[in-house]
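Report on the following structure.
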Amino acid sequence: MQLSENSPRHLGLNGAQLKLFAIVTMLIDHCCLAIVYYGLLHSTNPALSTRQDLLWDIYHLMRDIGRTAFPVFLFLLVQGFIHTHDRKAYAKRLFIFGILSEIPFDLCIDQKLFSVAHQNVMWSLLFGFLMMWGLDYISRREIPETMKFLLGLVVIAAAALSAWGLHTDYRYKGILILAVLYFVRFDKRLTLVALVVCFLWEPAAIFAAIPVAFYNGQRGNMPKQFFYWFYPVHLLVLFGLQCVILFLLR
């Protein structure tokens, strides 16, 4: 991500602050699903029957805010791929926490101990990371450009089909959008345009381009595994709160 020569690197948002933004907006989205939707809106308590319109307004507002999380996570994944010194360790973390997060995700989002209908976002990020790894490997081979192009298409298609087949978060759309962000990764203006254009089908998500526009290229300070542990733990906590709410509103 190239920065303007006139832009002081200490201004704007660093990677840790961007990640915190994505974590908070993701938390708002999951609170919306676990507490407002499955908790309050699904409650049969008569006291809530007169507040359905208000609850639905809150639900839609929180969902719109939450839509900004995934684009930022995709942007940070590209930056992580560019700057990581150990791609194997990076992919291994995504894989391990994809497994650890699956039951908490299914409990919180699908209300089941295990569900094949929808898989957590770690798998989307893992398939996307492996796709970028494959594209980078191909770009470094001394083979004809036409062959590089065709092999690149195969890698993208394989990642997209994997995400679609396993029903990961955002499925093939997330992979294809990540591919676009990967190809424009060294141009800030094109990255912002890509974020807006690629998420036109989900208008609330395009506002993620605002915090990304303030990215200053610095990593910032956040424990490396904070997000990885936060993801499954917050899902378990939200599921617990959901159970308490449904019990109290019986």
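Order determines the names: the first chain of the structure tokens is A, the second B, and so forth; residues in each chain are numbered 1 upward, and ligands are numbered 1 upward as they are shown.
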Give one line per residue of segment 49-127 of chain A that approaches segment 240-250 of chain A to at most 12 Å, naming the two atoms of the closest pair and their distance in Å to one decimal, counting only C-alpha atoms; sort by chain then ascending residue number and deliver it as CSV.
```
residue,atom,partner,partner_atom,distance
A:Ser49,CA,A:Leu249,CA,11.9
A:Pro104,CA,A:Gly240,CA,10.2
A:Leu107,CA,A:Gly240,CA,9.5
A:Cys108,CA,A:Gln242,CA,8.2
A:Ile109,CA,A:Gln242,CA,10.7
A:Gln111,CA,A:Gln242,CA,10.1
```
Give me the segment 97-211 of chain A side of the contact with segment 18-29 of chain A, cut-off 12 Å, one line per residue showing its nearest atom pair and distance in Å at one decimal, counting only C-alpha atoms, sorted by chain and residue number, as a Markdown table.
```
| residue | atom | partner | partner_atom | distance |
| --- | --- | --- | --- | --- |
| A:Cys108 | CA | A:Asp29 | CA | 11.8 |
| A:Ile109 | CA | A:Asp29 | CA | 10.8 |
| A:Val121 | CA | A:Met26 | CA | 10.8 |
| A:Ala204 | CA | A:Thr25 | CA | 12.0 |
| A:Ala205 | CA | A:Thr25 | CA | 11.0 |
| A:Phe207 | CA | A:Thr25 | CA | 11.8 |
| A:Ala208 | CA | A:Ala22 | CA | 8.9 |
| A:Ala209 | CA | A:Leu18 | CA | 11.1 |
| A:Ile210 | CA | A:Leu18 | CA | 10.7 |
| A:Pro211 | CA | A:Leu18 | CA | 7.0 |
```
Any chance you could list, as an mmCIF file with C-alpha atoms, in the first residue's frame, the residues in segment 85-152 of chain A that come up helix (DSSP H, G or I) when DSSP is run on the backbone?
```cif
data_model
loop_
_atom_site.group_PDB
_atom_site.id
_atom_site.type_symbol
_atom_site.label_atom_id
_atom_site.label_comp_id
_atom_site.auth_asym_id
_atom_site.auth_seq_id
_atom_site.Cartn_x
_atom_site.Cartn_y
_atom_site.Cartn_z
ATOM 1 C CA ARG A 87 3.200 -17.705 5.618
ATOM 2 C CA LYS A 88 2.998 -21.275 6.884
ATOM 3 C CA ALA A 89 2.448 -20.085 10.457
ATOM 4 C CA TYR A 90 -0.146 -17.551 9.278
ATOM 5 C CA ALA A 91 -2.115 -20.210 7.382
ATOM 6 C CA LYS A 92 -1.758 -22.645 10.284
ATOM 7 C CA ARG A 93 -3.287 -20.121 12.709
ATOM 8 C CA LEU A 94 -6.261 -19.555 10.414
ATOM 9 C CA PHE A 95 -6.768 -23.314 10.088
ATOM 10 C CA ILE A 96 -6.522 -24.033 13.819
ATOM 11 C CA PHE A 97 -8.855 -21.229 14.820
ATOM 12 C CA GLY A 98 -11.238 -22.127 12.021
ATOM 13 C CA ILE A 99 -11.636 -25.496 13.752
ATOM 14 C CA LEU A 100 -11.790 -23.998 17.261
ATOM 15 C CA SER A 101 -14.386 -21.435 16.193
ATOM 16 C CA GLU A 102 -16.769 -23.755 14.363
ATOM 17 C CA ILE A 103 -18.824 -24.999 17.319
ATOM 18 C CA PRO A 104 -19.059 -21.525 18.955
ATOM 19 C CA PHE A 105 -20.066 -20.108 15.565
ATOM 20 C CA ASP A 106 -22.717 -22.768 14.958
ATOM 21 C CA LEU A 107 -24.145 -22.324 18.461
ATOM 22 C CA CYS A 108 -24.296 -18.541 18.203
ATOM 23 C CA ILE A 109 -25.322 -18.098 14.561
ATOM 24 C CA ASP A 110 -27.170 -21.300 13.626
ATOM 25 C CA VAL A 121 -15.133 -16.498 8.634
ATOM 26 C CA MET A 122 -11.780 -18.085 9.482
ATOM 27 C CA TRP A 123 -12.301 -20.536 6.619
ATOM 28 C CA SER A 124 -13.001 -17.682 4.202
ATOM 29 C CA LEU A 125 -9.801 -15.975 5.298
ATOM 30 C CA LEU A 126 -7.836 -19.232 5.049
ATOM 31 C CA PHE A 127 -8.994 -19.990 1.504
ATOM 32 C CA GLY A 128 -8.279 -16.383 0.558
ATOM 33 C CA PHE A 129 -4.796 -16.509 2.075
ATOM 34 C CA LEU A 130 -3.977 -19.758 0.268
ATOM 35 C CA MET A 131 -5.249 -18.224 -2.962
ATOM 36 C CA MET A 132 -2.894 -15.239 -2.608
ATOM 37 C CA TRP A 133 -0.047 -17.605 -1.793
ATOM 38 C CA GLY A 134 -0.743 -19.558 -4.964
ATOM 39 C CA LEU A 135 -0.995 -16.420 -7.086
ATOM 40 C CA ASP A 136 2.274 -15.106 -5.686
ATOM 41 C CA TYR A 137 4.005 -18.431 -6.357
ATOM 42 C CA ILE A 138 2.792 -18.451 -9.963
ATOM 43 C CA SER A 139 3.878 -14.846 -10.531
ATOM 44 C CA GLU A 145 2.528 -14.859 -19.208
ATOM 45 C CA THR A 146 -0.402 -16.678 -20.796
ATOM 46 C CA MET A 147 0.314 -19.710 -18.641
ATOM 47 C CA LYS A 148 0.571 -17.510 -15.544
ATOM 48 C CA PHE A 149 -2.825 -16.016 -16.363
ATOM 49 C CA LEU A 150 -4.477 -19.411 -16.859
ATOM 50 C CA LEU A 151 -2.925 -20.893 -13.721
ATOM 51 C CA GLY A 152 -4.003 -17.807 -11.782
#
```
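Counting only C-alpha atoms and comparing A:Asn221, A:Gln52, A:Asn216, A:Gln119, the residue that lies closest to Leu40 of chain A is A:Gln52.
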Polymer residues at most 8 Å from Arg171 of chain A, only C-alpha atoms, same-chain spacing of 5 or more positions, as a list in words: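 Contacts, in chain order: Ser124, Ala160, Ala163, Trp164 and Leu166 of chain A.
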Using N, CA, C and O atoms, can you write the selected residues to a file as a JSON list (two decimals), in the first residue's frame?
```json
[["chain", "number", "residue", "atom", "x", "y", "z"],
["A", 124, "SER", "N", -13.05, -18.61, 5.33],
["A", 124, "SER", "CA", -13.00, -17.68, 4.20],
["A", 124, "SER", "C", -11.62, -17.04, 4.12],
["A", 124, "SER", "O", -11.04, -16.92, 3.03],
["A", 160, "ALA", "N", -12.51, -20.11, -4.76],
["A", 160, "ALA", "CA", -13.91, -19.68, -4.78],
["A", 160, "ALA", "C", -14.85, -20.88, -4.66],
["A", 160, "ALA", "O", -15.84, -20.84, -3.92],
["A", 163, "ALA", "N", -14.80, -22.20, -1.07],
["A", 163, "ALA", "CA", -15.60, -21.36, -0.18],
["A", 163, "ALA", "C", -17.09, -21.56, -0.43],
["A", 163, "ALA", "O", -17.89, -21.61, 0.51],
["A", 164, "TRP", "N", -17.45, -21.69, -1.69],
["A", 164, "TRP", "CA", -18.86, -21.91, -2.05],
["A", 164, "TRP", "C", -19.34, -23.28, -1.58],
["A", 164, "TRP", "O", -20.41, -23.42, -1.00],
["A", 166, "LEU", "N", -18.19, -25.22, 0.80],
["A", 166, "LEU", "CA", -18.22, -25.39, 2.26],
["A", 166, "LEU", "C", -19.09, -24.34, 2.95],
["A", 166, "LEU", "O", -19.17, -24.32, 4.18]]
```
Å distance separating atom CA of Ala179 of chain A from atom CA of Leu33 of chain A, one decimal place: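 Distance between the two atoms: 28.5 Å.
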Give me, please, the distance in Å between atom CA of Ile175 of chain A and atom CA of Leu77 of chain A, quoted to one decimal. 11.6 Å
Which residue gives the smallest distance to Val196 of chain A among A:Asp169, A:Gly15, A:Asp57, A:Thr68, with only C-alpha atoms counted? A:Thr68
